[in-house]
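Structure data (compact mmCIF, C-alpha atoms and all ligand atoms) from structure_10.txt:
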# COMPACT_ATOMS: atom_id res chain seq x y z
CA MET U 1 96.31 159.82 45.65
CA LYS U 2 95.15 157.16 43.20
CA LYS U 3 93.17 158.54 40.27
CA PRO U 4 89.44 157.77 40.32
CA LEU U 5 87.88 155.88 37.41
CA LEU U 6 85.78 158.19 35.25
CA CYS U 7 82.76 157.44 33.12
CA PRO U 8 83.57 158.13 29.44
CA GLN U 9 82.30 161.52 28.34
CA GLU U 10 80.33 160.09 25.42
CA LEU U 11 78.10 158.22 27.87
CA LEU U 12 77.45 161.44 29.80
CA THR U 13 76.19 163.15 26.67
CA LEU U 14 73.89 160.35 25.46
CA ASN U 15 70.37 161.55 24.83
CA LEU U 16 68.14 159.90 27.47
CA THR U 17 64.89 161.55 26.42
CA GLY U 18 62.05 159.05 26.85
CA LYS U 19 63.90 157.07 29.55
CA THR U 20 62.69 156.88 33.14
CA TYR U 21 64.83 156.20 36.21
CA ILE U 22 64.22 155.90 39.94
CA VAL U 23 67.05 156.95 42.28
CA THR U 24 66.52 156.20 45.97
CA GLY U 25 68.10 158.68 48.39
CA GLY U 26 68.25 161.13 45.49
CA ASN U 27 68.23 164.23 47.68
CA SER U 28 71.81 163.92 48.91
CA GLY U 29 75.39 162.94 48.05
CA ILE U 30 75.95 160.42 45.26
CA GLY U 31 72.23 160.02 44.59
CA LEU U 32 71.76 163.75 44.05
CA VAL U 33 74.55 163.91 41.44
CA THR U 34 73.09 160.84 39.74
CA VAL U 35 69.64 162.47 39.53
CA GLU U 36 71.13 165.71 38.21
CA GLN U 37 73.20 163.99 35.53
CA LEU U 38 70.38 161.75 34.26
CA ALA U 39 68.01 164.74 34.12
CA GLN U 40 70.70 166.78 32.34
CA GLN U 41 70.72 164.08 29.65
CA GLY U 42 66.96 164.38 29.17
CA ALA U 43 65.69 161.48 31.29
CA THR U 44 62.67 161.65 33.58
CA VAL U 45 63.94 160.96 37.08
CA VAL U 46 61.95 160.01 40.15
CA LEU U 47 63.84 161.33 43.13
CA ALA U 48 62.75 158.95 45.88
CA CYS U 49 63.46 160.19 49.39
CA ARG U 50 62.25 159.81 52.93
CA ARG U 51 61.91 163.58 53.44
CA PRO U 52 60.02 165.07 50.47
CA SER U 53 60.83 168.64 51.61
CA GLU U 54 64.54 167.83 51.13
CA GLY U 55 63.76 166.24 47.77
CA GLU U 56 61.91 169.37 46.66
CA LYS U 57 64.85 171.56 47.73
CA ALA U 58 67.24 169.36 45.73
CA SER U 59 64.95 169.38 42.73
CA LEU U 60 64.62 173.18 42.85
CA LYS U 61 68.41 173.54 42.89
CA ILE U 62 68.78 171.28 39.88
CA ARG U 63 66.02 173.09 38.01
CA ALA U 64 67.61 176.46 38.76
CA LYS U 65 70.57 175.26 36.66
CA ASN U 66 68.51 173.28 34.16
CA PRO U 67 64.90 174.49 33.89
CA LYS U 68 64.02 171.60 31.56
CA ALA U 69 64.99 168.93 34.12
CA GLN U 70 62.19 166.37 34.49
CA ILE U 71 62.38 165.48 38.18
CA GLN U 72 59.52 164.08 40.22
CA VAL U 73 59.92 163.93 43.98
CA ALA U 74 58.28 160.97 45.72
CA GLN U 75 58.22 159.86 49.34
CA LEU U 76 59.94 156.55 50.13
CA ASP U 77 61.07 155.38 53.54
CA LEU U 78 63.06 152.18 53.10
CA ALA U 79 62.86 151.54 56.83
CA ASP U 80 59.11 151.02 56.47
CA LEU U 81 57.83 148.33 54.10
CA GLN U 82 54.39 149.92 53.98
CA SER U 83 56.02 153.08 52.62
CA VAL U 84 57.85 150.98 49.99
CA ARG U 85 54.54 149.44 48.87
CA ARG U 86 52.84 152.85 48.78
CA PHE U 87 55.71 154.31 46.72
CA VAL U 88 55.46 151.52 44.14
CA GLU U 89 51.67 151.73 43.98
CA HIS U 90 51.92 155.44 43.23
CA PHE U 91 54.75 154.98 40.73
CA LEU U 92 52.87 152.29 38.82
CA SER U 93 49.73 154.40 38.70
CA THR U 94 51.62 157.31 37.14
CA HIS U 95 54.25 155.62 34.91
CA SER U 96 54.16 152.90 32.31
CA LEU U 97 57.92 152.45 31.84
CA LEU U 98 61.04 152.16 34.02
CA HIS U 99 64.48 151.78 32.43
CA GLY U 100 66.69 151.99 35.50
CA LEU U 101 66.36 151.47 39.23
CA VAL U 102 69.22 152.87 41.32
CA ASN U 103 69.11 151.36 44.82
CA ASN U 104 71.29 154.13 46.21
CA ALA U 105 69.94 155.19 49.63
CA GLY U 106 71.79 154.01 52.68
CA VAL U 107 72.85 154.52 56.26
CA MET U 108 76.21 153.61 57.81
CA ASN U 109 77.42 152.66 61.27
CA THR U 110 74.21 153.78 62.94
CA PRO U 111 73.55 153.20 66.63
CA PHE U 112 71.48 150.06 67.27
CA GLY U 113 67.92 150.51 66.12
CA ARG U 114 65.07 148.78 64.36
CA THR U 115 63.04 149.62 61.29
CA ARG U 116 59.27 149.95 61.51
CA ASP U 117 59.01 146.22 60.70
CA GLY U 118 61.45 145.25 63.46
CA PHE U 119 64.59 144.63 61.36
CA GLU U 120 68.04 145.86 62.43
CA THR U 121 68.29 149.38 60.97
CA GLN U 122 71.14 148.92 58.47
CA PHE U 123 70.11 145.49 57.18
CA GLY U 124 66.48 146.63 57.06
CA THR U 125 67.13 149.94 55.29
CA ASN U 126 70.07 149.16 53.04
CA HIS U 127 69.01 145.66 52.00
CA LEU U 128 65.44 144.61 52.87
CA GLY U 129 63.77 147.91 51.88
CA HIS U 130 65.54 147.80 48.52
CA TYR U 131 64.84 144.09 48.18
CA LEU U 132 61.08 144.64 48.38
CA LEU U 133 61.26 147.75 46.17
CA THR U 134 63.08 145.77 43.48
CA GLU U 135 60.73 142.79 43.66
CA LEU U 136 57.71 145.04 43.17
CA LEU U 137 59.32 146.86 40.22
CA ILE U 138 60.61 143.84 38.28
CA PRO U 139 57.46 143.53 36.12
CA ILE U 140 57.69 147.14 34.88
CA LEU U 141 61.46 146.87 34.37
CA GLU U 142 60.88 143.73 32.32
CA LYS U 143 58.20 145.44 30.30
CA SER U 144 60.63 148.33 29.60
CA ALA U 145 63.63 146.10 28.76
CA PRO U 146 66.48 146.61 28.21
CA ALA U 147 66.60 147.86 31.78
CA ARG U 148 69.11 148.02 34.63
CA ILE U 149 69.21 147.65 38.38
CA VAL U 150 72.20 149.18 40.17
CA ASN U 151 72.72 148.39 43.87
CA LEU U 152 75.02 150.72 45.80
CA SER U 153 77.20 148.36 47.81
CA SER U 154 80.58 149.39 49.23
CA CYS U 155 84.18 148.23 49.50
CA PHE U 156 83.17 147.75 53.16
CA HIS U 157 81.30 144.60 52.04
CA ASP U 158 84.83 143.20 52.13
CA ARG U 159 85.99 144.65 55.43
CA ALA U 160 84.53 147.56 57.32
CA MET U 161 87.03 148.94 59.81
CA GLY U 162 88.46 145.45 60.27
CA ARG U 163 85.12 143.60 60.36
CA GLU U 164 84.78 141.05 57.58
CA GLY U 165 81.58 141.21 55.54
CA ARG U 166 79.49 138.10 56.18
CA ILE U 167 75.82 137.27 56.43
CA ASP U 168 75.00 135.85 59.84
CA PHE U 169 71.85 133.88 59.08
CA GLU U 170 71.59 132.79 62.72
CA ASP U 171 71.38 136.39 63.91
CA LEU U 172 70.65 138.81 61.05
CA HIS U 173 69.19 141.42 63.39
CA PHE U 174 71.69 141.26 66.27
CA GLU U 175 69.32 139.67 68.74
CA LYS U 176 71.93 137.21 70.07
CA ARG U 177 75.31 138.85 69.38
CA LYS U 178 76.49 142.21 70.69
CA TYR U 179 75.62 144.98 68.25
CA ASP U 180 78.46 146.57 66.30
CA GLY U 181 77.67 149.32 63.77
CA TRP U 182 80.48 148.40 61.35
CA THR U 183 79.67 144.67 61.42
CA ALA U 184 76.05 145.54 60.62
CA TYR U 185 77.10 147.89 57.79
CA ALA U 186 79.42 145.25 56.28
CA GLN U 187 76.62 142.67 56.44
CA SER U 188 74.15 145.02 54.73
CA LYS U 189 76.61 145.98 51.97
CA LEU U 190 77.50 142.33 51.29
CA ALA U 191 73.74 141.74 51.06
CA ASN U 192 73.49 144.49 48.39
CA LEU U 193 76.19 142.73 46.35
CA LEU U 194 74.69 139.24 46.75
CA HIS U 195 71.24 140.61 45.94
CA ALA U 196 72.50 141.91 42.57
CA LYS U 197 74.20 138.58 41.92
CA HIS U 198 70.98 136.71 42.60
CA LEU U 199 68.93 139.13 40.48
CA ALA U 200 71.26 138.57 37.55
CA LYS U 201 70.55 134.83 37.71
CA GLN U 202 66.82 135.29 38.21
CA LEU U 203 66.55 137.83 35.39
CA ALA U 204 68.88 136.26 32.84
CA HIS U 205 67.18 136.36 29.42
CA ARG U 206 64.53 138.79 30.70
CA GLY U 207 66.31 141.93 29.46
CA ILE U 208 67.28 143.26 32.89
CA THR U 209 70.91 143.69 33.91
CA ALA U 210 71.63 143.83 37.65
CA VAL U 211 74.98 144.90 39.14
CA SER U 212 76.42 146.24 42.38
CA VAL U 213 78.90 149.07 42.76
CA HIS U 214 81.35 150.64 45.16
CA PRO U 215 81.24 154.41 44.50
CA GLY U 216 84.54 155.24 46.23
CA TRP U 217 85.11 156.95 49.56
CA VAL U 218 82.97 159.99 48.96
CA ARG U 219 82.46 163.27 50.82
CA THR U 220 78.74 162.99 51.66
CA GLN U 221 76.42 162.97 54.67
CA LEU U 222 76.91 159.21 55.12
CA ILE U 223 79.55 159.77 57.78
CA ARG U 224 77.09 161.45 60.14
CA SER U 225 76.69 158.58 62.61
CA SER U 226 80.49 158.27 62.89
CA MET U 227 81.54 161.95 63.12
CA PRO U 228 80.00 165.40 62.67
CA VAL U 229 79.78 166.10 58.93
CA TRP U 230 81.44 169.52 59.33
CA ILE U 231 84.60 167.87 60.67
CA GLN U 232 84.80 165.80 57.47
CA ASN U 233 83.89 168.74 55.23
CA ILE U 234 86.08 171.43 56.80
CA LEU U 235 88.62 170.28 59.34
CA LEU U 236 89.69 166.95 57.84
CA ARG U 237 88.85 167.62 54.19
CA PRO U 238 92.42 168.30 52.91
CA LEU U 239 93.78 165.30 54.82
CA PHE U 240 90.96 163.03 53.70
CA ARG U 241 91.38 164.18 50.09
CA LEU U 242 95.04 163.19 50.23
CA GLY U 243 93.90 159.86 51.68
CA GLY U 244 91.61 159.23 48.70
CA MET U 245 88.27 160.83 49.59
CA LEU U 246 86.34 161.77 46.43
CA GLU U 247 83.85 164.50 45.68
CA PRO U 248 80.21 163.48 45.05
CA TRP U 249 80.51 163.94 41.24
CA GLU U 250 83.42 161.49 41.26
CA GLY U 251 81.40 159.18 43.50
CA ALA U 252 78.57 159.06 40.94
CA GLN U 253 80.83 157.91 38.08
CA THR U 254 80.53 154.16 38.76
CA THR U 255 76.74 154.33 39.06
CA LEU U 256 76.46 156.31 35.81
CA TYR U 257 78.82 153.97 34.01
CA THR U 258 76.89 150.89 35.06
CA LEU U 259 73.59 152.51 34.08
CA LEU U 260 74.74 153.74 30.68
CA ALA U 261 77.61 151.68 29.26
CA PRO U 262 76.41 149.08 26.70
CA GLU U 263 79.15 146.58 27.68
CA VAL U 264 77.78 146.33 31.25
CA ALA U 265 74.91 144.21 29.89
CA SER U 266 77.34 141.35 29.37
CA HIS U 267 78.43 141.52 33.04
CA SER U 268 75.11 141.06 34.81
CA GLY U 269 75.69 140.10 38.45
CA ALA U 270 79.15 141.66 38.55
CA TYR U 271 80.56 144.12 41.08
CA PHE U 272 81.96 147.40 39.73
CA SER U 273 84.32 149.29 41.98
CA GLN U 274 85.78 152.76 42.12
CA ILE U 275 89.18 152.94 43.85
CA GLY U 276 88.66 151.70 47.40
CA ILE U 277 89.91 150.29 50.67
CA TYR U 278 90.23 146.51 50.40
CA ARG U 279 92.19 143.71 51.99
CA SER U 280 94.19 143.38 48.75
CA ARG U 281 96.27 146.07 47.03
CA GLU U 282 95.12 144.98 43.61
CA ALA U 283 91.47 145.52 44.46
CA ALA U 284 92.28 148.98 45.85
CA GLN U 285 92.85 150.16 42.26
CA GLY U 286 89.17 149.46 41.58
CA GLY U 287 87.84 147.82 38.46
CA TRP U 288 84.83 147.98 36.17
CA PRO U 289 84.14 145.11 36.90
CA LEU U 290 86.19 143.89 39.88
CA GLN U 291 86.52 140.43 41.40
CA SER U 292 85.72 141.03 45.08
CA PRO U 293 88.51 139.84 47.40
CA ASN U 294 85.90 138.67 49.92
CA PRO U 295 85.23 134.93 49.39
CA ASN U 296 81.74 135.42 50.86
CA ALA U 297 80.89 137.59 47.84
CA HIS U 298 81.29 134.52 45.60
CA ASP U 299 79.21 132.12 47.66
CA GLU U 300 76.28 131.21 45.39
CA ALA U 301 74.55 129.18 48.11
CA CYS U 302 74.69 132.18 50.43
CA ALA U 303 73.19 134.45 47.74
CA GLU U 304 70.40 131.92 47.22
CA ARG U 305 69.72 131.60 50.95
CA LEU U 306 69.75 135.37 51.40
CA ASN U 307 67.15 135.66 48.67
CA GLU U 308 64.88 133.09 50.32
CA VAL U 309 65.24 134.66 53.77
CA SER U 310 64.67 138.17 52.41
CA ARG U 311 61.58 137.05 50.51
CA GLN U 312 60.12 135.60 53.70
CA LEU U 313 61.01 138.65 55.78
CA VAL U 314 59.32 141.08 53.40
CA GLN U 315 56.46 138.61 52.87
CA ARG U 316 56.67 138.37 49.09
N1 LIG K 1 80.01 158.06 50.76
C1 LIG K 1 80.79 157.00 50.71
O1 LIG K 1 82.00 157.06 51.00
C2 LIG K 1 80.23 155.67 50.31
C3 LIG K 1 81.13 154.59 50.19
C4 LIG K 1 80.62 153.35 49.83
C5 LIG K 1 79.27 153.19 49.60
N2 LIG K 1 78.43 154.25 49.74
C6 LIG K 1 77.00 154.02 49.50
O2 LIG K 1 76.49 155.01 48.65
C7 LIG K 1 75.10 155.20 48.89
C8 LIG K 1 74.78 156.68 48.91
O3 LIG K 1 75.32 157.27 50.06
P1 LIG K 1 75.94 158.74 50.14
O4 LIG K 1 77.36 158.58 50.41
O5 LIG K 1 75.48 159.56 49.00
O6 LIG K 1 75.28 159.23 51.52
P2 LIG K 1 74.23 160.35 51.92
O7 LIG K 1 74.65 161.68 51.40
O8 LIG K 1 74.03 160.20 53.39
O9 LIG K 1 72.92 159.89 51.16
C9 LIG K 1 72.19 158.78 51.60
C10 LIG K 1 70.77 158.93 51.14
O10 LIG K 1 70.01 157.80 51.65
C11 LIG K 1 68.83 158.30 52.22
N3 LIG K 1 68.25 157.42 53.21
C12 LIG K 1 68.76 157.03 54.40
N4 LIG K 1 67.87 156.27 55.06
C13 LIG K 1 66.76 156.18 54.27
C14 LIG K 1 65.50 155.58 54.40
N5 LIG K 1 65.13 154.92 55.50
N6 LIG K 1 64.62 155.68 53.38
C15 LIG K 1 64.94 156.37 52.26
N7 LIG K 1 66.10 157.01 52.10
C16 LIG K 1 67.01 156.91 53.10
C17 LIG K 1 69.25 159.63 52.82
O11 LIG K 1 68.10 160.40 53.13
P3 LIG K 1 68.17 161.60 54.22
O12 LIG K 1 68.80 162.77 53.51
O13 LIG K 1 66.73 161.81 54.56
O14 LIG K 1 68.99 161.10 55.36
C18 LIG K 1 70.07 160.18 51.69
O15 LIG K 1 69.25 160.70 50.70
C19 LIG K 1 74.79 154.45 50.18
O16 LIG K 1 74.14 153.24 49.87
C20 LIG K 1 76.16 154.14 50.76
O17 LIG K 1 76.19 152.97 51.53
C21 LIG K 1 78.89 155.48 50.06

If you took the structure in this file and wrote it as structure tokens, what would it be?
Ligand SMILES: NC(=O)c1ccc[n+]([C@@H]2O[C@H](COP(=O)([O-])OP(=O)(O)OC[C@H]3O[C@@H](n4cnc5c(N)ncnc54)[C@H](OP(=O)(O)O)[C@@H]3O)[C@@H](O)[C@H]2O)c1
Amino acid sequence: MKKPLLCPQELLTLNLTGKTYIVTGGNSGIGLVTVEQLAQQGATVVLACRRPSEGEKASLKIRAKNPKAQIQVAQLDLADLQSVRRFVEHFLSTHSLLHGLVNNAGVMNTPFGRTRDGFETQFGTNHLGHYLLTELLIPILEKSAPARIVNLSSCFHDRAMGREGRIDFEDLHFEKRKYDGWTAYAQSKLANLLHAKHLAKQLAHRGITAVSVHPGWVRTQLIRSSMPVWIQNILLRPLFRLGGMLEPWEGAQTTLYTLLAPEVASHSGAYFSQIGIYRSREAAQGGWPLQSPNPNAHDEACAERLNEVSRQLVQR
């Protein structure tokens, strides 16, 4: 198995007292490790999740190990734009600074469905919910600069089970074409990457660095729409590990690196990848940063158009 890229230890011992971060989907998987690590380093972390009871359970577990952990659980359903607006309203009424926004939450290969606002579930949750969240938080990020935005994309923005990542502007929500869960996931993850690229342009010289990451193939709950999680975690775990599946702490390394490494500020808009499954062997080694092998990830006009369309859809 290829060795995963690891965040240098000195970054994981930096003192983050006085810093504030938001991690979406912080109750599970990669997000949970990210919350735990940032809190371990002294940061205040808002654990944003759609099920606050699960967030509280996660927070209790972290505090059992580290009683000083500053974790605040807040409700956020990315599949409901009203919930996104409520979350931001509450955050802004209780905080005056935000140094890092981790757009981590996500769903993968779900059956066809729609968000509360009528968007296809994966595009709506993974991209549009985070798009609005980010837009509403840019002023406080700018005020707190230097600040960072990290979008969790995926190597599946390139190809997801054989489906090439592309944005179908004629049918973003699968109203004309037949729905396919992997095609929709690839589209949403390419959108996460292009969103970060656009943000980097928009925020150049405003003290905010925006990047996208692939965390690796990680043993989390994400698989649940494709197979029962216990099959991944018990039956297939040794086989999957040999095939390159990482543990959640390994999966959080790219996010932590992009949040904490000083040199990332000179790569705003870039894509940082853990080892992964790509169309090219070179890309499979990962890279911090990595040139995506998908030509659609380098299409500036597409990133611009996606921004315009997203802005209209979320009515900003
Ligand atoms: N695991 C991998 O192999 C892998 C590979 C590439 C990219 N990624 C990306 O990494 C990110 C983290 O995923 P993970 O692997 O840690 O999966 P996970 O364990 O399933 O965590 C996903 C998180 O997103 C939350 N979420 C889902 N829908 C939401 C919504 N509507 N509103 C708010 N939160 C919502 C989940 O909440 P609930 O607990 O309530 O469901 C959960 O907290 C995702 O963006 C994923 O696409 C993962």

Gap from CA of Ile208 (chain U) to CA of Ser273 (chain U) - Å, one decimal: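 The value is 20.2 Å.
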
Nearest to Ser212 (chain U) by atom-to-atom distance, counting only C-alpha atoms, from U:Tyr185, U:Tyr257, U:Phe91, U:Tyr21: U:Tyr257

Residues within 10 Å of region 111-118 of chain U, only C-alpha atoms, excluding chain neighbours under 4 positions, as an MDAnalysis selection string: chainID U and resid 77:83 122:125 129 173:174 178:182 184 225:226 313:314

Selection as a PDB file with C-alpha atoms, in the coordinates of the input: residues within 6 Å of ligand LIG 1 (chain K) by all atoms listed in the file:
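Now in pocket.pdb:
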ATOM      1  CA  GLY U  25      68.100 158.680  48.390  1.00  0.00           C
ATOM      2  CA  GLY U  26      68.250 161.130  45.490  1.00  0.00           C
ATOM      3  CA  ASN U  27      68.230 164.230  47.680  1.00  0.00           C
ATOM      4  CA  SER U  28      71.810 163.920  48.910  1.00  0.00           C
ATOM      5  CA  GLY U  29      75.390 162.940  48.050  1.00  0.00           C
ATOM      6  CA  ILE U  30      75.950 160.420  45.260  1.00  0.00           C
ATOM      7  CA  GLY U  31      72.230 160.020  44.590  1.00  0.00           C
ATOM      8  CA  CYS U  49      63.460 160.190  49.390  1.00  0.00           C
ATOM      9  CA  ARG U  50      62.250 159.810  52.930  1.00  0.00           C
ATOM     10  CA  ARG U  51      61.910 163.580  53.440  1.00  0.00           C
ATOM     11  CA  LEU U  76      59.940 156.550  50.130  1.00  0.00           C
ATOM     12  CA  ASP U  77      61.070 155.380  53.540  1.00  0.00           C
ATOM     13  CA  LEU U  78      63.060 152.180  53.100  1.00  0.00           C
ATOM     14  CA  ALA U  79      62.860 151.540  56.830  1.00  0.00           C
ATOM     15  CA  ASN U 104      71.290 154.130  46.210  1.00  0.00           C
ATOM     16  CA  ALA U 105      69.940 155.190  49.630  1.00  0.00           C
ATOM     17  CA  GLY U 106      71.790 154.010  52.680  1.00  0.00           C
ATOM     18  CA  VAL U 107      72.850 154.520  56.260  1.00  0.00           C
ATOM     19  CA  THR U 125      67.130 149.940  55.290  1.00  0.00           C
ATOM     20  CA  LEU U 152      75.020 150.720  45.800  1.00  0.00           C
ATOM     21  CA  SER U 153      77.200 148.360  47.810  1.00  0.00           C
ATOM     22  CA  SER U 154      80.580 149.390  49.230  1.00  0.00           C
ATOM     23  CA  HIS U 214      81.350 150.640  45.160  1.00  0.00           C
ATOM     24  CA  PRO U 215      81.240 154.410  44.500  1.00  0.00           C
ATOM     25  CA  GLY U 216      84.540 155.240  46.230  1.00  0.00           C
ATOM     26  CA  TRP U 217      85.110 156.950  49.560  1.00  0.00           C
ATOM     27  CA  VAL U 218      82.970 159.990  48.960  1.00  0.00           C
ATOM     28  CA  ARG U 219      82.460 163.270  50.820  1.00  0.00           C
ATOM     29  CA  THR U 220      78.740 162.990  51.660  1.00  0.00           C
ATOM     30  CA  GLN U 221      76.420 162.970  54.670  1.00  0.00           C
ATOM     31  CA  LEU U 222      76.910 159.210  55.120  1.00  0.00           C
TER      32      LEU U 222
END

Could you give me, as a compact mmCIF listing (two decimals) with C-alpha atoms, in the frame of the given file, the residues that sit within 9 Å of (59.4, 162.8, 42.9) in the file's coordinates, counting all atoms listed in the file?
# COMPACT_ATOMS: atom_id res chain seq x y z
CA ILE U 22 64.22 155.90 39.94
CA VAL U 45 63.94 160.96 37.08
CA VAL U 46 61.95 160.01 40.15
CA LEU U 47 63.84 161.33 43.13
CA ALA U 48 62.75 158.95 45.88
CA CYS U 49 63.46 160.19 49.39
CA PRO U 52 60.02 165.07 50.47
CA GLY U 55 63.76 166.24 47.77
CA GLU U 56 61.91 169.37 46.66
CA SER U 59 64.95 169.38 42.73
CA ILE U 71 62.38 165.48 38.18
CA GLN U 72 59.52 164.08 40.22
CA VAL U 73 59.92 163.93 43.98
CA ALA U 74 58.28 160.97 45.72
CA GLN U 75 58.22 159.86 49.34

Contact residues around region 308-312 of chain U with only C-alpha atoms at 9 Å, ignoring same-chain residues under 3 positions, as a PyMOL selection string: chain U and resi 127-128+131-132+135+169+303-305+315-316

Now that the selection is made, can you save its residues with C-alpha atoms as a PDB file, in the coordinates of the input?
ATOM      1  CA  HIS U 127      69.010 145.660  52.000  1.00  0.00           C
ATOM      2  CA  LEU U 128      65.440 144.610  52.870  1.00  0.00           C
ATOM      3  CA  TYR U 131      64.840 144.090  48.180  1.00  0.00           C
ATOM      4  CA  LEU U 132      61.080 144.640  48.380  1.00  0.00           C
ATOM      5  CA  GLU U 135      60.730 142.790  43.660  1.00  0.00           C
ATOM      6  CA  PHE U 169      71.850 133.880  59.080  1.00  0.00           C
ATOM      7  CA  ALA U 303      73.190 134.450  47.740  1.00  0.00           C
ATOM      8  CA  GLU U 304      70.400 131.920  47.220  1.00  0.00           C
ATOM      9  CA  ARG U 305      69.720 131.600  50.950  1.00  0.00           C
ATOM     10  CA  GLN U 315      56.460 138.610  52.870  1.00  0.00           C
ATOM     11  CA  ARG U 316      56.670 138.370  49.090  1.00  0.00           C
TER      12      ARG U 316
END

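The residues that lie within 9 Å of the point (70.4, 141.9, 47.2), counting all atoms listed in the file, are U:His127, U:Leu128, U:His130, U:Tyr131, U:Asn151, U:Ser188, U:Lys189, U:Leu190, U:Ala191, U:Asn192, U:Leu193, U:Leu194, U:His195, U:Ala196, U:Lys197, U:His198, U:Leu199, U:Ser212, U:Ala303, U:Leu306, U:Asn307, U:Ser310.
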
Straight-line distance linking CA of Asn66 (chain U) with CA of Gln40 (chain U), stated in Å to one decimal: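 Computed distance, CA of Asn66 (chain U) to CA of Gln40 (chain U), equals 7.1 Å.
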
Distance in Å - CA of Ala43 (chain U) versus CA of Arg86 (chain U):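 Distance between the two atoms: 23.4 Å.
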
Give me the box for region 129-147 of chain U as AutoDock Vina command-line options, namely the centre and edge lengths in Å to one decimal of a box along x, y and z that holds every listed atom plus 6 Å on each side.
--center_x 62.0 --center_y 145.6 --center_z 40.0 --size_x 21.1 --size_y 17.5 --size_z 35.7

Residue contacts of region 14-18 of chain U (8 Å, all atoms listed in the file) excluding same-chain residues fewer than 6 positions away, as a ChimeraX atom specification: /U:38,41-44

Restricting the output to C-alpha atoms, write the selected residues as a compact mmCIF listing (two decimals), in the frame of the given file.
# COMPACT_ATOMS: atom_id res chain seq x y z
CA LEU U 38 70.38 161.75 34.26
CA GLN U 41 70.72 164.08 29.65
CA GLY U 42 66.96 164.38 29.17
CA ALA U 43 65.69 161.48 31.29
CA THR U 44 62.67 161.65 33.58

From U:Asn109, U:Thr121, U:Gln202, U:Ser266, residue lying nearest Leu172 (chain U) [all atoms listed in the file]: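 Smallest distance to Leu172 (chain U) is found for U:Thr121.
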
For Ala204 (chain U), the nearest of the candidates U:Ala58, U:Ala160, U:Ala145, U:Ile275, counting all atoms listed in the file: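 Closest to Ala204 (chain U) of all the choices is U:Ala145.
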
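For the choices U:Val264, U:Leu133, U:Leu141, U:Met227, the atom-to-atom distance to Thr110 (chain U) is smallest for U:Met227 when using all atoms listed in the file.
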
Residue nearest Cys155 (chain U) - candidates U:His90, U:Arg279, U:Lys19, U:Arg206, atoms counted: all atoms listed in the file: U:Arg279

Given all atoms listed in the file as the counted atoms, nearest of U:Ser93, U:Asn233, U:Ser280, U:Thr34 to Thr255 (chain U):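 That would be U:Thr34, the residue with the smallest distance to Thr255 (chain U).
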